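A quick write-up on the structure given underneath.
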Amino acid sequence: MVVSSHKPIVLLGFMGSGKSTLGKQLASLTERTFIDLDRFIEITENRTITDIFEKEGESVFRKLESNALREVLRYPNQIIAVGGGTPCHAENLLIIKELSISVYLKISENQLFSRLSNSSVSRPLLKGKSDSEIHSIISGLLLKREPFYGQADIIIESDEITPAMVLAHFQANR
């Protein structure tokens with residue numbers, strides 16, 4: 001299935017919303033390159049996101065993230081999964097809106113909690129937190145981030161978003 005625009009497609013959403021998993025599937029279906037922005041940063045910096053957060057703090061990470069975003073958006077025909085906070089910092093959302101088609105994967109708070117509390121993936125913002133603290137972090141961050149996510153070109157709301165659901169939005173807007 002082909003997406004008519006060659007602009008990069010950027011997947012936005014909270015951590016655990018399935019951006020990376022869905023991004024890989026979409027890239028395969030649309031014959032595009034998949035880039036996970038966090039993984040791109042880790043390869044470029046030769047260290048993990050957790051290490052950057054722990055040793056240099058969130059502000060240094062956010063600068064690296066903005067630079068990496070600008071770099072990957074230079075190329076067409078990509079599906080890019082960005083971190084949950086990416087569109088909420090610096091001018092990242094403006095850059096995303098200018099240079100790509102943005103898709104917000106909107107998952108319910110309860111589903112996010114279930115996914116994150118059962119995940120084997122290390123999440124720096126949730127490291128060492130109890131279930132009640134994780135609930136509180138999810139609620140608080142969603143409240144802050146929703147105004148940014150809500151500016152996406154396409155919003156798909158479901159606890160089980162599939163590649164077909166995303167592609168249907170592109171087909172409908174041809």
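Following the order of the structure tokens, chains are lettered A, B, ..., residues in each are numbered from 1, and ligands are numbered from 1.
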When you look at A:Val121 with a cut-off of 12 Å (counting only C-alpha atoms), what residues show up, excluding the ones that are within fewer than 5 positions of it in the same chain? I need them as a compact mmCIF listing (two decimals) with C-alpha atoms, in the first residue's frame.
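Below is the file that was written, around.txt:
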```txt
# COMPACT_ATOMS: atom_id res chain seq x y z
CA MET A 15 5.49 6.26 25.84
CA GLY A 16 3.99 2.82 25.42
CA SER A 20 7.99 1.89 17.39
CA ILE A 49 18.98 7.31 26.62
CA THR A 50 18.97 6.21 30.27
CA ARG A 115 1.49 -1.48 28.85
CA LEU A 116 4.07 0.51 30.82
CA LEU A 126 9.41 5.67 35.32
CA LYS A 127 12.52 3.99 36.67
```
Give me, as a VMD selection string, all polymer residues having an atom no more than 12 Å from A:Thr162, counting only C-alpha atoms and skipping those fewer than 6 positions away in the same chain. chain A and resid 17 to 19 21 to 26 29 105 156 168 to 169
Can you tell me, as a tab-separated table (two decimals) with N, CA and C atoms, in the first residue's frame, what residues are no more than 10 Å from stretch 135-141 of chain A when counting only C-alpha atoms, ignoring any on the same chain fewer than 6 positions away?
```tsv
chain	number	residue	atom	x	y	z
A	14	PHE	N	2.24	9.07	23.64
A	14	PHE	CA	2.85	8.82	24.93
A	14	PHE	C	3.72	7.58	24.86
A	15	MET	N	4.69	7.48	25.77
A	15	MET	CA	5.49	6.26	25.84
A	15	MET	C	4.55	5.08	26.04
A	84	GLY	N	7.99	10.28	23.52
A	84	GLY	CA	6.75	10.87	23.99
A	84	GLY	C	6.84	12.36	24.27
A	85	GLY	N	8.01	12.84	24.70
A	85	GLY	CA	8.17	14.25	25.01
A	85	GLY	C	8.68	15.09	23.86
A	109	GLU	N	-5.53	6.17	29.04
A	109	GLU	CA	-4.64	6.20	30.20
A	109	GLU	C	-4.52	4.82	30.85
A	110	ASN	N	-5.62	4.11	30.97
A	110	ASN	CA	-5.59	2.77	31.56
A	110	ASN	C	-4.75	1.80	30.73
A	112	LEU	N	-2.31	2.65	28.68
A	112	LEU	CA	-0.91	3.07	28.82
A	112	LEU	C	-0.31	2.52	30.11
A	113	PHE	N	-1.07	2.62	31.21
A	113	PHE	CA	-0.58	2.10	32.47
A	113	PHE	C	-0.32	0.60	32.37
A	114	SER	N	-1.25	-0.12	31.78
A	114	SER	CA	-1.10	-1.57	31.63
A	114	SER	C	0.15	-1.90	30.82
A	116	LEU	N	2.83	0.04	30.20
A	116	LEU	CA	4.07	0.51	30.82
A	116	LEU	C	4.44	-0.28	32.07
A	117	SER	N	3.46	-0.67	32.85
A	117	SER	CA	3.76	-1.41	34.07
A	117	SER	C	4.19	-2.84	33.77
A	125	LEU	N	11.87	8.00	32.85
A	125	LEU	CA	10.93	8.76	33.67
A	125	LEU	C	10.16	7.89	34.67
A	126	LEU	N	10.17	6.57	34.45
A	126	LEU	CA	9.41	5.67	35.32
A	126	LEU	C	10.30	4.76	36.17
A	129	LYS	N	9.78	3.51	40.07
A	129	LYS	CA	8.51	4.06	40.56
A	129	LYS	C	7.51	2.96	40.90
```
Any idea what's packed within 9 Å of A:Ala90, counting only C-alpha atoms, ignoring anything in its chain fewer than 2 positions away? Could you give it as an MDAnalysis selection string? chainID A and resid 62:63 66 86:88 92:94
Dump of N, CA and C atoms for the selected residues, as an mmCIF file, in the first residue's frame:
```cif
data_model
loop_
_atom_site.group_PDB
_atom_site.id
_atom_site.type_symbol
_atom_site.label_atom_id
_atom_site.label_comp_id
_atom_site.auth_asym_id
_atom_site.auth_seq_id
_atom_site.Cartn_x
_atom_site.Cartn_y
_atom_site.Cartn_z
ATOM 1 N N ARG A 62 17.229 16.633 25.730
ATOM 2 C CA ARG A 62 16.289 17.337 24.850
ATOM 3 C C ARG A 62 17.015 18.098 23.738
ATOM 4 N N LYS A 63 18.184 18.631 24.024
ATOM 5 C CA LYS A 63 18.976 19.301 22.970
ATOM 6 C C LYS A 63 19.440 18.289 21.928
ATOM 7 N N SER A 66 16.405 17.319 19.793
ATOM 8 C CA SER A 66 16.037 18.328 18.789
ATOM 9 C C SER A 66 16.975 18.285 17.595
ATOM 10 N N THR A 86 9.072 14.460 22.785
ATOM 11 C CA THR A 86 9.691 15.182 21.663
ATOM 12 C C THR A 86 8.883 16.384 21.179
ATOM 13 N N PRO A 87 7.577 16.230 20.880
ATOM 14 C CA PRO A 87 6.853 17.381 20.333
ATOM 15 C C PRO A 87 6.593 18.484 21.356
ATOM 16 N N CYS A 88 6.922 18.248 22.615
ATOM 17 C CA CYS A 88 6.605 19.192 23.688
ATOM 18 C C CYS A 88 7.785 20.089 24.058
ATOM 19 N N ASN A 92 10.273 21.675 18.397
ATOM 20 C CA ASN A 92 10.119 20.378 17.737
ATOM 21 C C ASN A 92 8.779 20.213 17.030
ATOM 22 N N LEU A 93 7.689 20.612 17.666
ATOM 23 C CA LEU A 93 6.382 20.439 17.030
ATOM 24 C C LEU A 93 6.272 21.286 15.762
ATOM 25 N N LEU A 94 6.787 22.497 15.789
ATOM 26 C CA LEU A 94 6.768 23.337 14.589
ATOM 27 C C LEU A 94 7.544 22.694 13.452
#
```
With a distance cut-off of 7 Å and only C-alpha atoms, select the neighbouring residues of A:Asp153, excluding the residue or stretch itself and same-chain residues fewer than 3 positions from it, and output the selection as a list of chain:residue names. A:Ile101, A:Ser102, A:Val103
As number ranges by chain, please: every residue in stretch 69-149 of chain A that DSSP puts in helix (DSSP H, G or I). A: 69-72, 86-88, 92-99, 109-117, 124-126, 131-149
Output the selection as an mmCIF file, in the first residue's frame - C-alpha atoms for each residue.
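See result22.cif below for the written result:
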```cif
data_model
loop_
_atom_site.group_PDB
_atom_site.id
_atom_site.type_symbol
_atom_site.label_atom_id
_atom_site.label_comp_id
_atom_site.auth_asym_id
_atom_site.auth_seq_id
_atom_site.Cartn_x
_atom_site.Cartn_y
_atom_site.Cartn_z
ATOM 1 C CA LEU A 69 14.949 15.318 14.848
ATOM 2 C CA ARG A 70 16.183 18.015 12.483
ATOM 3 C CA GLU A 71 18.647 15.535 10.999
ATOM 4 C CA VAL A 72 16.201 12.701 10.323
ATOM 5 C CA THR A 86 9.691 15.182 21.663
ATOM 6 C CA PRO A 87 6.853 17.381 20.333
ATOM 7 C CA CYS A 88 6.605 19.192 23.688
ATOM 8 C CA ASN A 92 10.119 20.378 17.737
ATOM 9 C CA LEU A 93 6.382 20.439 17.030
ATOM 10 C CA LEU A 94 6.768 23.337 14.589
ATOM 11 C CA ILE A 95 9.520 21.450 12.779
ATOM 12 C CA ILE A 96 7.455 18.251 12.709
ATOM 13 C CA LYS A 97 4.408 20.088 11.338
ATOM 14 C CA GLU A 98 6.466 21.900 8.706
ATOM 15 C CA LEU A 99 8.480 18.959 7.406
ATOM 16 C CA GLU A 109 -4.641 6.200 30.199
ATOM 17 C CA ASN A 110 -5.589 2.771 31.560
ATOM 18 C CA GLN A 111 -4.106 1.004 28.537
ATOM 19 C CA LEU A 112 -0.910 3.074 28.819
ATOM 20 C CA PHE A 113 -0.577 2.101 32.475
ATOM 21 C CA SER A 114 -1.095 -1.568 31.632
ATOM 22 C CA ARG A 115 1.491 -1.479 28.847
ATOM 23 C CA LEU A 116 4.065 0.512 30.824
ATOM 24 C CA SER A 117 3.763 -1.409 34.074
ATOM 25 C CA PRO A 124 13.939 6.768 32.440
ATOM 26 C CA LEU A 125 10.934 8.764 33.672
ATOM 27 C CA LEU A 126 9.406 5.666 35.316
ATOM 28 C CA ASP A 131 2.334 1.575 40.448
ATOM 29 C CA SER A 132 0.636 4.573 42.077
ATOM 30 C CA GLU A 133 3.570 6.805 41.111
ATOM 31 C CA ILE A 134 3.421 5.488 37.530
ATOM 32 C CA HIS A 135 -0.325 6.263 37.403
ATOM 33 C CA SER A 136 0.372 9.765 38.680
ATOM 34 C CA ILE A 137 3.199 10.350 36.183
ATOM 35 C CA ILE A 138 1.057 9.150 33.269
ATOM 36 C CA SER A 139 -1.866 11.382 34.309
ATOM 37 C CA GLY A 140 0.322 14.430 34.850
ATOM 38 C CA LEU A 141 2.337 14.055 31.658
ATOM 39 C CA LEU A 142 -0.748 13.358 29.530
ATOM 40 C CA LEU A 143 -2.340 16.535 30.843
ATOM 41 C CA LYS A 144 0.750 18.534 29.835
ATOM 42 C CA ARG A 145 1.400 16.774 26.534
ATOM 43 C CA GLU A 146 -2.108 16.405 25.111
ATOM 44 C CA PRO A 147 -2.201 20.029 23.798
ATOM 45 C CA PHE A 148 0.935 19.249 21.758
ATOM 46 C CA TYR A 149 -0.151 15.801 20.581
#
```
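If you look at atom CA of A:Thr33 and atom CA of A:Ile79, they are 6.1 Å away from each other.
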Interatomic distance, atom CA of A:Asn46 to atom CA of A:Lys7 (Å, one decimal):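 Atom CA of A:Asn46 sits 28.2 Å away from atom CA of A:Lys7.
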Could you please determine the separation between atom CA of A:Gly57 and atom CA of A:Leu12 in Å, to one decimal place? 22.5 Å
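All residues within stretch 6-133 of chain A that the backbone DSSP calculation assigns to strand (DSSP E or B) are Ile9, Val10, Leu11, Leu12, Thr33, Phe34, Ile35, Asp36, Gln78, Ile79, Ile80, Ala81, Ile101, Ser102, Val103, Tyr104, Leu105 and Lys106 of chain A.
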